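Shown next: start.pdb, containing PDB, C-alpha atoms.
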```
ATOM      1  CA  MET A 163      87.523-158.782 108.323  1.00  0.00           C
ATOM      2  CA  ILE A 164      90.243-160.881 109.948  1.00  0.00           C
ATOM      3  CA  LEU A 165      91.416-161.993 106.500  1.00  0.00           C
ATOM      4  CA  SER A 166      91.574-158.371 105.313  1.00  0.00           C
ATOM      5  CA  GLY A 167      93.614-157.425 108.370  1.00  0.00           C
ATOM      6  CA  ALA A 168      95.980-160.339 107.783  1.00  0.00           C
ATOM      7  CA  ILE A 169      96.434-159.347 104.135  1.00  0.00           C
ATOM      8  CA  ILE A 170      97.166-155.731 105.101  1.00  0.00           C
ATOM      9  CA  ALA A 171      99.658-156.859 107.747  1.00  0.00           C
ATOM     10  CA  ALA A 172     101.362-159.150 105.213  1.00  0.00           C
ATOM     11  CA  ILE A 173     101.600-156.338 102.644  1.00  0.00           C
ATOM     12  CA  VAL A 174     103.216-154.011 105.192  1.00  0.00           C
ATOM     13  CA  TYR A 175     105.525-156.657 106.647  1.00  0.00           C
ATOM     14  CA  TYR A 176     106.653-158.009 103.274  1.00  0.00           C
ATOM     15  CA  TRP A 177     106.668-154.656 101.488  1.00  0.00           C
ATOM     16  CA  ASN A 178     110.107-155.167  99.913  1.00  0.00           C
ATOM     17  CA  ASP A 179     108.933-158.452  98.396  1.00  0.00           C
ATOM     18  CA  VAL A 180     105.644-156.888  97.316  1.00  0.00           C
ATOM     19  CA  GLU A 181     107.500-154.021  95.688  1.00  0.00           C
ATOM     20  CA  ALA A 182     109.555-156.572  93.742  1.00  0.00           C
ATOM     21  CA  LEU A 183     106.352-157.527  91.889  1.00  0.00           C
ATOM     22  CA  GLU A 184     106.883-154.393  89.829  1.00  0.00           C
ATOM     23  CA  LYS A 185     109.481-156.259  87.760  1.00  0.00           C
ATOM     24  CA  PHE A 186     106.673-158.339  86.199  1.00  0.00           C
ATOM     25  CA  GLY A 187     105.131-155.098  84.980  1.00  0.00           C
ATOM     26  CA  TYR A 188     102.274-154.688  82.612  1.00  0.00           C
ATOM     27  CA  PRO A 189     102.881-157.911  80.639  1.00  0.00           C
ATOM     28  CA  GLY A 190     102.715-159.885  83.890  1.00  0.00           C
ATOM     29  CA  VAL A 191      99.455-158.192  84.861  1.00  0.00           C
ATOM     30  CA  PHE A 192      98.073-158.904  81.377  1.00  0.00           C
ATOM     31  CA  VAL A 193      98.935-162.614  81.631  1.00  0.00           C
ATOM     32  CA  LEU A 194      97.390-162.828  85.106  1.00  0.00           C
ATOM     33  CA  GLY A 195      94.334-161.084  83.699  1.00  0.00           C
ATOM     34  CA  VAL A 196      94.018-163.692  80.942  1.00  0.00           C
ATOM     35  CA  LEU A 197      94.340-166.516  83.460  1.00  0.00           C
ATOM     36  CA  GLY A 198      91.919-164.882  85.880  1.00  0.00           C
ATOM     37  CA  GLY A 199      89.451-164.016  83.141  1.00  0.00           C
ATOM     38  CA  ALA A 200      89.409-167.541  81.712  1.00  0.00           C
ATOM     39  CA  THR A 201      89.449-169.543  84.922  1.00  0.00           C
ATOM     40  CA  ILE A 202      86.087-170.547  86.286  1.00  0.00           C
ATOM     41  CA  LEU A 203      86.705-173.422  88.677  1.00  0.00           C
ATOM     42  CA  ALA A 204      89.945-172.268  90.310  1.00  0.00           C
ATOM     43  CA  PRO A 205      89.984-168.473  90.159  1.00  0.00           C
ATOM     44  CA  VAL A 206      93.292-166.675  89.844  1.00  0.00           C
ATOM     45  CA  PRO A 207      93.358-163.799  92.371  1.00  0.00           C
ATOM     46  CA  VAL A 208      93.545-160.981  89.832  1.00  0.00           C
ATOM     47  CA  THR A 209      91.940-158.321  92.037  1.00  0.00           C
ATOM     48  CA  PRO A 210      94.512-158.419  94.878  1.00  0.00           C
ATOM     49  CA  ILE A 211      97.368-158.408  92.349  1.00  0.00           C
ATOM     50  CA  VAL A 212      95.849-155.431  90.517  1.00  0.00           C
ATOM     51  CA  PHE A 213      95.438-153.654  93.865  1.00  0.00           C
ATOM     52  CA  ILE A 214      99.074-154.241  94.828  1.00  0.00           C
ATOM     53  CA  MET A 215     100.423-153.465  91.355  1.00  0.00           C
ATOM     54  CA  GLY A 216      98.443-150.221  91.406  1.00  0.00           C
ATOM     55  CA  GLY A 217     100.538-149.259  94.410  1.00  0.00           C
ATOM     56  CA  VAL A 218     103.937-150.380  93.102  1.00  0.00           C
ATOM     57  CA  ALA A 219     103.880-149.814  89.321  1.00  0.00           C
ATOM     58  CA  ARG A 220     105.116-146.299  88.686  1.00  0.00           C
ATOM     59  CA  PRO A 221     106.311-145.363  85.208  1.00  0.00           C
ATOM     60  CA  ASP A 222     109.269-142.976  85.282  1.00  0.00           C
ATOM     61  CA  PHE A 223     107.604-140.363  83.092  1.00  0.00           C
ATOM     62  CA  ALA A 224     104.438-140.089  85.236  1.00  0.00           C
ATOM     63  CA  PRO A 225     104.219-142.231  88.405  1.00  0.00           C
ATOM     64  CA  TYR A 226     100.571-141.336  88.983  1.00  0.00           C
ATOM     65  CA  LEU A 227      99.647-143.021  85.654  1.00  0.00           C
ATOM     66  CA  GLY A 228     100.744-146.457  86.871  1.00  0.00           C
ATOM     67  CA  PRO A 229      97.229-147.451  88.002  1.00  0.00           C
ATOM     68  CA  LEU A 230      95.817-146.357  84.656  1.00  0.00           C
ATOM     69  CA  PHE A 231      98.202-148.658  82.777  1.00  0.00           C
ATOM     70  CA  ILE A 232      97.710-151.489  85.271  1.00  0.00           C
ATOM     71  CA  GLY A 233      93.928-151.211  84.798  1.00  0.00           C
ATOM     72  CA  LEU A 234      94.301-151.282  81.008  1.00  0.00           C
ATOM     73  CA  ALA A 235      96.642-154.287  81.071  1.00  0.00           C
ATOM     74  CA  ALA A 236      94.528-156.280  83.529  1.00  0.00           C
ATOM     75  CA  GLY A 237      91.268-155.329  81.806  1.00  0.00           C
ATOM     76  CA  ALA A 238      92.617-156.321  78.394  1.00  0.00           C
ATOM     77  CA  GLY A 239      93.869-159.618  79.815  1.00  0.00           C
ATOM     78  CA  GLU A 240      90.578-160.369  81.532  1.00  0.00           C
ATOM     79  CA  THR A 241      88.764-159.610  78.270  1.00  0.00           C
ATOM     80  CA  VAL A 242      90.887-162.169  76.426  1.00  0.00           C
ATOM     81  CA  GLY A 243      90.071-164.666  79.170  1.00  0.00           C
ATOM     82  CA  ALA A 244      86.383-163.746  78.954  1.00  0.00           C
ATOM     83  CA  ALA A 245      86.501-164.497  75.218  1.00  0.00           C
ATOM     84  CA  LEU A 246      87.556-168.044  76.098  1.00  0.00           C
ATOM     85  CA  VAL A 247      84.627-168.343  78.522  1.00  0.00           C
ATOM     86  CA  TYR A 248      82.293-167.071  75.773  1.00  0.00           C
ATOM     87  CA  ALA A 249      83.747-169.680  73.379  1.00  0.00           C
ATOM     88  CA  THR A 250      83.017-172.389  75.937  1.00  0.00           C
ATOM     89  CA  GLY A 251      79.369-171.352  76.001  1.00  0.00           C
ATOM     90  CA  PHE A 252      79.282-171.000  72.220  1.00  0.00           C
ATOM     91  CA  ALA A 253      80.645-174.514  71.713  1.00  0.00           C
ATOM     92  CA  GLY A 254      78.519-175.936  74.516  1.00  0.00           C
ATOM     93  CA  GLY A 255      75.320-174.475  73.082  1.00  0.00           C
ATOM     94  CA  ILE A 256      74.532-177.856  71.564  1.00  0.00           C
ATOM     95  CA  PHE A 257      73.806-179.092  75.088  1.00  0.00           C
ATOM     96  CA  LEU A 258      70.995-176.593  75.665  1.00  0.00           C
ATOM     97  CA  PRO A 259      67.513-177.994  76.150  1.00  0.00           C
ATOM     98  CA  SER A 260      65.663-179.075  73.002  1.00  0.00           C
ATOM     99  CA  PRO A 261      62.051-178.006  72.403  1.00  0.00           C
ATOM    100  CA  THR A 262      60.912-181.446  73.566  1.00  0.00           C
ATOM    101  CA  SER A 263      62.705-181.125  76.918  1.00  0.00           C
ATOM    102  CA  ARG A 264      60.667-180.535  80.039  1.00  0.00           C
ATOM    103  CA  HIS A 265      63.046-177.660  80.924  1.00  0.00           C
ATOM    104  CA  TYR A 266      62.612-175.908  77.592  1.00  0.00           C
ATOM    105  CA  ASP A 267      59.955-173.464  78.825  1.00  0.00           C
ATOM    106  CA  VAL A 268      62.200-172.189  81.604  1.00  0.00           C
ATOM    107  CA  TYR A 269      65.181-172.011  79.248  1.00  0.00           C
ATOM    108  CA  SER A 270      63.098-170.203  76.613  1.00  0.00           C
ATOM    109  CA  HIS A 271      61.899-167.622  79.139  1.00  0.00           C
ATOM    110  CA  ILE A 272      65.418-166.959  80.456  1.00  0.00           C
ATOM    111  CA  THR A 273      66.797-166.767  76.914  1.00  0.00           C
ATOM    112  CA  LYS A 274      64.245-164.144  75.845  1.00  0.00           C
ATOM    113  CA  TRP A 275      64.901-162.103  78.987  1.00  0.00           C
ATOM    114  CA  MET A 276      68.688-162.306  78.568  1.00  0.00           C
ATOM    115  CA  GLU A 277      68.586-161.507  74.844  1.00  0.00           C
ATOM    116  CA  LYS A 278      66.761-158.252  75.594  1.00  0.00           C
ATOM    117  CA  ARG A 279      69.043-157.218  78.464  1.00  0.00           C
ATOM    118  CA  GLU A 280      72.272-159.119  77.888  1.00  0.00           C
ATOM    119  CA  GLY A 281      74.385-156.030  77.135  1.00  0.00           C
ATOM    120  CA  ILE A 282      73.376-154.288  80.351  1.00  0.00           C
ATOM    121  CA  ILE A 283      73.729-157.475  82.398  1.00  0.00           C
ATOM    122  CA  LEU A 284      77.184-158.217  80.958  1.00  0.00           C
ATOM    123  CA  PHE A 285      78.376-154.666  81.583  1.00  0.00           C
ATOM    124  CA  VAL A 286      77.193-154.590  85.194  1.00  0.00           C
ATOM    125  CA  LEU A 287      78.646-158.031  85.899  1.00  0.00           C
ATOM    126  CA  SER A 288      81.986-157.131  84.289  1.00  0.00           C
ATOM    127  CA  VAL A 289      82.388-153.794  86.088  1.00  0.00           C
ATOM    128  CA  VAL A 290      81.636-155.211  89.554  1.00  0.00           C
ATOM    129  CA  ILE A 291      83.798-157.754  91.385  1.00  0.00           C
ATOM    130  CA  ASN A 292      81.590-160.856  91.577  1.00  0.00           C
ATOM    131  CA  PRO A 293      81.488-164.540  90.558  1.00  0.00           C
ATOM    132  CA  PHE A 294      78.329-164.207  88.434  1.00  0.00           C
ATOM    133  CA  PHE A 295      80.077-162.893  85.325  1.00  0.00           C
ATOM    134  CA  TYR A 296      81.177-166.392  84.264  1.00  0.00           C
ATOM    135  CA  PRO A 297      77.707-167.969  84.018  1.00  0.00           C
ATOM    136  CA  ALA A 298      76.483-164.889  82.139  1.00  0.00           C
ATOM    137  CA  ALA A 299      79.461-165.111  79.752  1.00  0.00           C
ATOM    138  CA  ILE A 300      78.838-168.802  79.110  1.00  0.00           C
ATOM    139  CA  PHE A 301      75.172-168.084  78.506  1.00  0.00           C
ATOM    140  CA  ALA A 302      76.066-165.217  76.140  1.00  0.00           C
ATOM    141  CA  GLY A 303      78.108-167.668  74.103  1.00  0.00           C
ATOM    142  CA  ALA A 304      75.399-170.308  74.236  1.00  0.00           C
ATOM    143  CA  ILE A 305      72.741-167.939  72.859  1.00  0.00           C
ATOM    144  CA  HIS A 306      75.259-166.646  70.266  1.00  0.00           C
ATOM    145  CA  PHE A 307      75.210-163.073  71.552  1.00  0.00           C
ATOM    146  CA  GLY A 308      77.229-160.944  69.115  1.00  0.00           C
ATOM    147  CA  PHE A 309      80.945-161.587  69.762  1.00  0.00           C
ATOM    148  CA  LYS A 310      82.139-158.068  68.868  1.00  0.00           C
ATOM    149  CA  LYS A 311      79.513-156.497  71.112  1.00  0.00           C
ATOM    150  CA  TYR A 312      80.427-158.963  73.872  1.00  0.00           C
ATOM    151  CA  ILE A 313      84.149-158.097  73.656  1.00  0.00           C
ATOM    152  CA  ILE A 314      83.526-154.342  73.664  1.00  0.00           C
ATOM    153  CA  ILE A 315      81.181-154.553  76.660  1.00  0.00           C
ATOM    154  CA  CYS A 316      83.578-156.797  78.591  1.00  0.00           C
ATOM    155  CA  PHE A 317      86.618-154.671  77.795  1.00  0.00           C
ATOM    156  CA  ILE A 318      84.991-151.437  78.930  1.00  0.00           C
ATOM    157  CA  GLY A 319      83.573-152.997  82.105  1.00  0.00           C
ATOM    158  CA  LYS A 320      86.724-154.874  83.085  1.00  0.00           C
ATOM    159  CA  VAL A 321      89.016-151.900  82.423  1.00  0.00           C
ATOM    160  CA  ILE A 322      86.811-149.644  84.572  1.00  0.00           C
ATOM    161  CA  LYS A 323      86.818-152.250  87.366  1.00  0.00           C
ATOM    162  CA  ASP A 324      90.567-152.859  87.191  1.00  0.00           C
ATOM    163  CA  MET A 325      91.411-149.155  87.030  1.00  0.00           C
ATOM    164  CA  ALA A 326      89.290-148.541  90.117  1.00  0.00           C
ATOM    165  CA  VAL A 327      91.059-151.367  91.955  1.00  0.00           C
ATOM    166  CA  ALA A 328      94.504-150.159  90.809  1.00  0.00           C
ATOM    167  CA  PHE A 329      93.807-146.567  91.876  1.00  0.00           C
ATOM    168  CA  ALA A 330      92.519-147.910  95.206  1.00  0.00           C
ATOM    169  CA  GLY A 331      95.878-149.653  95.590  1.00  0.00           C
ATOM    170  CA  TYR A 332      97.814-146.554  94.561  1.00  0.00           C
ATOM    171  CA  TYR A 333      96.101-144.252  97.035  1.00  0.00           C
ATOM    172  CA  GLY A 334      95.137-146.879  99.606  1.00  0.00           C
ATOM    173  CA  LEU A 335      98.642-148.212 100.154  1.00  0.00           C
ATOM    174  CA  LYS A 336     100.030-144.675 100.521  1.00  0.00           C
ATOM    175  CA  TRP A 337      97.313-143.867 103.057  1.00  0.00           C
ATOM    176  CA  LEU A 338      97.902-147.136 104.935  1.00  0.00           C
ATOM    177  CA  PHE A 339     101.632-146.509 105.272  1.00  0.00           C
ATOM    178  CA  GLN A 340     101.047-142.936 106.407  1.00  0.00           C
ATOM    179  CA  LEU A 341      98.449-144.126 108.926  1.00  0.00           C
ATOM    180  CA  LEU A 342     100.983-146.570 110.346  1.00  0.00           C
ATOM    181  CA  GLY A 343     103.683-143.903 110.468  1.00  0.00           C
ATOM    182  CA  LEU A 344     105.828-145.686 107.896  1.00  0.00           C
ATOM    183  CA  THR A 345     107.467-144.340 104.775  1.00  0.00           C
ATOM    184  CA  PRO A 346     104.795-144.586 102.081  1.00  0.00           C
ATOM    185  CA  PRO A 347     105.544-146.342  98.815  1.00  0.00           C
ATOM    186  CA  GLY A 348     106.536-144.224  95.843  1.00  0.00           C
TER     187      GLY A 348
END
```
In structure tokens, write the structure found in this file.
Amino acid sequence: MILSGAIIAAIVYYWNDVEALEKFGYPGVFVLGVLGGATILAPVPVTPIVFIMGGVARPDFAPYLGPLFIGLAAGAGETVGAALVYATGFAGGIFLPSPTSRHYDVYSHITKWMEKREGIILFVLSVVINPFFYPAAIFAGAIHFGFKKYIIICFIGKVIKDMAVAFAGYYGLKWLFQLLGLTPPG
């Protein structure tokens, strides 16, 4: 809660600098999405950037569509990154337990369970902000879950998540500025 308050205070205090992020636009959000979607060990903070960009990116022809485009760009980028995570699992599948391994029974049970429900699990994990998507994506690659199906599921889930975050930034930052009695962005 203290961290959230500090982030909000920093956004308000440095608003002119935050607003300058708009110059990176949709390509910048896409690239950050790729980096955030592919990075497992040192996560790139895609969600806060999508939140802020949802509040500052306003196309001239329809300012209220900025969050929609930010969500699409970030979701597409994260899907490209997720494809790299899938490839890691696909290539690393040779390291899965062999039938003679003492862990094979556990692995076999988890594999059967995941193969039946992988699409639902991937969708839920991609549409919700959480760190569990990456192990599921690696496992999907390792069990050779269909790549096209994987990409479609990830794209839909990540775009929904990123659009929700961007719209939260669009409306949330306006509300925050109004609450503080400041001139709202946009």
Selection result of the PyMOL selection byres ((chain A and resi 331) around 9) on this file, as a PDB file with C-alpha atoms, in the coordinates of the input:
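Here's the written file out.pdb:
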```
ATOM      1  CA  PRO A 210      94.512-158.419  94.878  1.00  0.00           C
ATOM      2  CA  VAL A 212      95.849-155.431  90.517  1.00  0.00           C
ATOM      3  CA  PHE A 213      95.438-153.654  93.865  1.00  0.00           C
ATOM      4  CA  ILE A 214      99.074-154.241  94.828  1.00  0.00           C
ATOM      5  CA  MET A 215     100.423-153.465  91.355  1.00  0.00           C
ATOM      6  CA  GLY A 216      98.443-150.221  91.406  1.00  0.00           C
ATOM      7  CA  GLY A 217     100.538-149.259  94.410  1.00  0.00           C
ATOM      8  CA  VAL A 218     103.937-150.380  93.102  1.00  0.00           C
ATOM      9  CA  PRO A 229      97.229-147.451  88.002  1.00  0.00           C
ATOM     10  CA  ALA A 326      89.290-148.541  90.117  1.00  0.00           C
ATOM     11  CA  VAL A 327      91.059-151.367  91.955  1.00  0.00           C
ATOM     12  CA  ALA A 328      94.504-150.159  90.809  1.00  0.00           C
ATOM     13  CA  PHE A 329      93.807-146.567  91.876  1.00  0.00           C
ATOM     14  CA  ALA A 330      92.519-147.910  95.206  1.00  0.00           C
ATOM     15  CA  TYR A 332      97.814-146.554  94.561  1.00  0.00           C
ATOM     16  CA  TYR A 333      96.101-144.252  97.035  1.00  0.00           C
ATOM     17  CA  GLY A 334      95.137-146.879  99.606  1.00  0.00           C
ATOM     18  CA  LEU A 335      98.642-148.212 100.154  1.00  0.00           C
ATOM     19  CA  LYS A 336     100.030-144.675 100.521  1.00  0.00           C
TER      20      LYS A 336
END
```
Shell around Gly251 of chain A at 9 Å using only C-alpha atoms, local window under 5 positions removed, as a short mmCIF file (atom, residue, chain, number, x, y, z; two decimals) with C-alpha atoms, in the coordinates of the input:
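Saved result, out03.cif, follows:
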```cif
data_model
loop_
_atom_site.label_atom_id
_atom_site.label_comp_id
_atom_site.auth_asym_id
_atom_site.auth_seq_id
_atom_site.Cartn_x
_atom_site.Cartn_y
_atom_site.Cartn_z
CA LEU A 246 87.56 -168.04 76.10
CA PRO A 297 77.71 -167.97 84.02
CA ALA A 299 79.46 -165.11 79.75
CA ILE A 300 78.84 -168.80 79.11
CA PHE A 301 75.17 -168.08 78.51
CA ALA A 302 76.07 -165.22 76.14
CA GLY A 303 78.11 -167.67 74.10
CA ALA A 304 75.40 -170.31 74.24
CA ILE A 305 72.74 -167.94 72.86
CA HIS A 306 75.26 -166.65 70.27
#
```
- Pairwise distance, atom CA of Leu341 of chain A with atom CA of Asp222 of chain A, equals 26.0 Å
- For atom CA of Gly319 of chain A and atom CA of Val289 of chain A, determine how far apart the two atoms are, in Å to one decimal place.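 Calculated distance between atom CA of Gly319 of chain A and atom CA of Val289 of chain A is 4.2 Å.
Shortest atom-to-atom contact with Leu234 of chain A among A:Phe252, A:Pro221, A:Tyr296, A:Gly195: A:Gly195, counting only C-alpha atoms.
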- So which residues get picked by the PyMOL selection byres ((chain A and resi 233) around 7) here, written as an MDAnalysis selection string? chainID A and resid 229:232 234:237 321 324:325 328
- Check the smallest atom-to-atom distance from each of A:Ala244, A:Leu342, A:Leu227, A:Ala238 to Pro189 of chain A using all atoms listed in the file, then report the winner.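 For Pro189 of chain A, the nearest of the candidates is A:Ala238.
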- Query: By how many Å are atom CA of Phe309 of chain A and atom CA of Gly187 of chain A apart?
  - Reply: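 Atom-to-atom, atom CA of Phe309 of chain A and atom CA of Gly187 of chain A are spaced 29.3 Å apart.
Once Leu194 of chain A and its same-chain neighbours fewer than 4 positions away are set aside, Gly190, Gly198, Val206, Val208, Ala236 and Gly239 of chain A remain within 8 Å of it when counting only C-alpha atoms.
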Once you have the residues from the selection above, write them out as an mmCIF file, in the frame of the given file, restricted to C-alpha atoms.
```cif
data_model
loop_
_atom_site.group_PDB
_atom_site.id
_atom_site.type_symbol
_atom_site.label_atom_id
_atom_site.label_comp_id
_atom_site.auth_asym_id
_atom_site.auth_seq_id
_atom_site.Cartn_x
_atom_site.Cartn_y
_atom_site.Cartn_z
ATOM 1 C CA GLY A 190 102.715 -159.885 83.890
ATOM 2 C CA GLY A 198 91.919 -164.882 85.880
ATOM 3 C CA VAL A 206 93.292 -166.675 89.844
ATOM 4 C CA VAL A 208 93.545 -160.981 89.832
ATOM 5 C CA ALA A 236 94.528 -156.280 83.529
ATOM 6 C CA GLY A 239 93.869 -159.618 79.815
#
```
- Query: Taking only C-alpha atoms into account, which of A:Arg220, A:Lys320, A:His271, A:Arg279 comes nearest Ala298 of chain A?
  - Reply: A:Arg279
- Task: Find the residue from A:Tyr226, A:Phe295, A:Phe186, A:Phe307 that sits nearest to Gly199 of chain A; use all atoms listed in the file when measuring.
- Result: A:Phe295
- Choose the residue, out of A:Ile291, A:Val247, A:Leu338, A:Val193, that has the smallest atom-to-atom separation from Ile322 of chain A; count all atoms listed in the file. A:Ile291
- What lies within 8 Å of Leu284 of chain A using only C-alpha atoms, ignoring chain neighbours under 2 positions off, as JSON, numbers by chain? {"A": [280, 281, 282, 286, 287, 288, 295, 298, 299, 312, 315, 316]}
Please reconstruct the missing atoms of segment 223-247 of chain A (target: N, CA and C atoms) and return them as an mmCIF file, in the coordinates of the input.
```cif
data_model
loop_
_atom_site.group_PDB
_atom_site.id
_atom_site.type_symbol
_atom_site.label_atom_id
_atom_site.label_comp_id
_atom_site.auth_asym_id
_atom_site.auth_seq_id
_atom_site.Cartn_x
_atom_site.Cartn_y
_atom_site.Cartn_z
ATOM 1 N N PHE A 223 108.049 -141.628 83.658
ATOM 2 C CA PHE A 223 107.604 -140.363 83.092
ATOM 3 C C PHE A 223 106.387 -139.769 83.811
ATOM 4 N N ALA A 224 105.603 -140.594 84.507
ATOM 5 C CA ALA A 224 104.438 -140.089 85.236
ATOM 6 C C ALA A 224 103.973 -141.154 86.222
ATOM 7 N N PRO A 225 104.542 -141.178 87.443
ATOM 8 C CA PRO A 225 104.219 -142.231 88.405
ATOM 9 C C PRO A 225 102.727 -142.384 88.706
ATOM 10 N N TYR A 226 101.997 -141.284 88.670
ATOM 11 C CA TYR A 226 100.571 -141.336 88.983
ATOM 12 C C TYR A 226 99.749 -142.041 87.890
ATOM 13 N N LEU A 227 100.352 -142.312 86.724
ATOM 14 C CA LEU A 227 99.647 -143.021 85.654
ATOM 15 C C LEU A 227 99.784 -144.538 85.755
ATOM 16 N N GLY A 228 100.574 -145.017 86.696
ATOM 17 C CA GLY A 228 100.744 -146.457 86.871
ATOM 18 C C GLY A 228 99.426 -147.205 87.003
ATOM 19 N N PRO A 229 98.509 -146.751 87.871
ATOM 20 C CA PRO A 229 97.229 -147.451 88.002
ATOM 21 C C PRO A 229 96.406 -147.467 86.715
ATOM 22 N N LEU A 230 96.526 -146.399 85.932
ATOM 23 C CA LEU A 230 95.817 -146.357 84.656
ATOM 24 C C LEU A 230 96.309 -147.481 83.740
ATOM 25 N N PHE A 231 97.630 -147.622 83.635
ATOM 26 C CA PHE A 231 98.202 -148.658 82.777
ATOM 27 C C PHE A 231 97.961 -150.059 83.332
ATOM 28 N N ILE A 232 98.007 -150.191 84.646
ATOM 29 C CA ILE A 232 97.710 -151.489 85.271
ATOM 30 C C ILE A 232 96.262 -151.876 84.966
ATOM 31 N N GLY A 233 95.339 -150.942 85.098
ATOM 32 C CA GLY A 233 93.928 -151.211 84.798
ATOM 33 C C GLY A 233 93.721 -151.611 83.350
ATOM 34 N N LEU A 234 94.417 -150.930 82.429
ATOM 35 C CA LEU A 234 94.301 -151.282 81.008
ATOM 36 C C LEU A 234 94.860 -152.678 80.735
ATOM 37 N N ALA A 235 96.025 -152.978 81.300
ATOM 38 C CA ALA A 235 96.642 -154.287 81.071
ATOM 39 C C ALA A 235 95.793 -155.407 81.654
ATOM 40 N N ALA A 236 95.345 -155.240 82.885
ATOM 41 C CA ALA A 236 94.528 -156.280 83.529
ATOM 42 C C ALA A 236 93.182 -156.417 82.832
ATOM 43 N N GLY A 237 92.562 -155.292 82.487
ATOM 44 C CA GLY A 237 91.268 -155.329 81.806
ATOM 45 C C GLY A 237 91.357 -155.991 80.441
ATOM 46 N N ALA A 238 92.426 -155.683 79.703
ATOM 47 C CA ALA A 238 92.617 -156.321 78.394
ATOM 48 C C ALA A 238 92.837 -157.828 78.568
ATOM 49 N N GLY A 239 93.636 -158.195 79.556
ATOM 50 C CA GLY A 239 93.869 -159.618 79.815
ATOM 51 C C GLY A 239 92.601 -160.348 80.217
ATOM 52 N N GLU A 240 91.830 -159.739 81.112
ATOM 53 C CA GLU A 240 90.578 -160.369 81.532
ATOM 54 C C GLU A 240 89.595 -160.481 80.375
ATOM 55 N N THR A 241 89.642 -159.536 79.435
ATOM 56 C CA THR A 241 88.764 -159.610 78.270
ATOM 57 C C THR A 241 89.151 -160.783 77.371
ATOM 58 N N VAL A 242 90.439 -161.002 77.200
ATOM 59 C CA VAL A 242 90.887 -162.169 76.426
ATOM 60 C C VAL A 242 90.410 -163.452 77.115
ATOM 61 N N GLY A 243 90.557 -163.509 78.420
ATOM 62 C CA GLY A 243 90.071 -164.666 79.170
ATOM 63 C C GLY A 243 88.568 -164.825 79.049
ATOM 64 N N ALA A 244 87.839 -163.699 79.079
ATOM 65 C CA ALA A 244 86.383 -163.746 78.954
ATOM 66 C C ALA A 244 85.963 -164.244 77.575
ATOM 67 N N ALA A 245 86.792 -163.980 76.557
ATOM 68 C CA ALA A 245 86.501 -164.497 75.218
ATOM 69 C C ALA A 245 86.553 -166.022 75.217
ATOM 70 N N LEU A 246 87.465 -166.586 75.995
ATOM 71 C CA LEU A 246 87.556 -168.044 76.098
ATOM 72 C C LEU A 246 86.330 -168.612 76.813
ATOM 73 N N VAL A 247 85.838 -167.900 77.819
ATOM 74 C CA VAL A 247 84.627 -168.343 78.522
ATOM 75 C C VAL A 247 83.434 -168.274 77.565
#
```
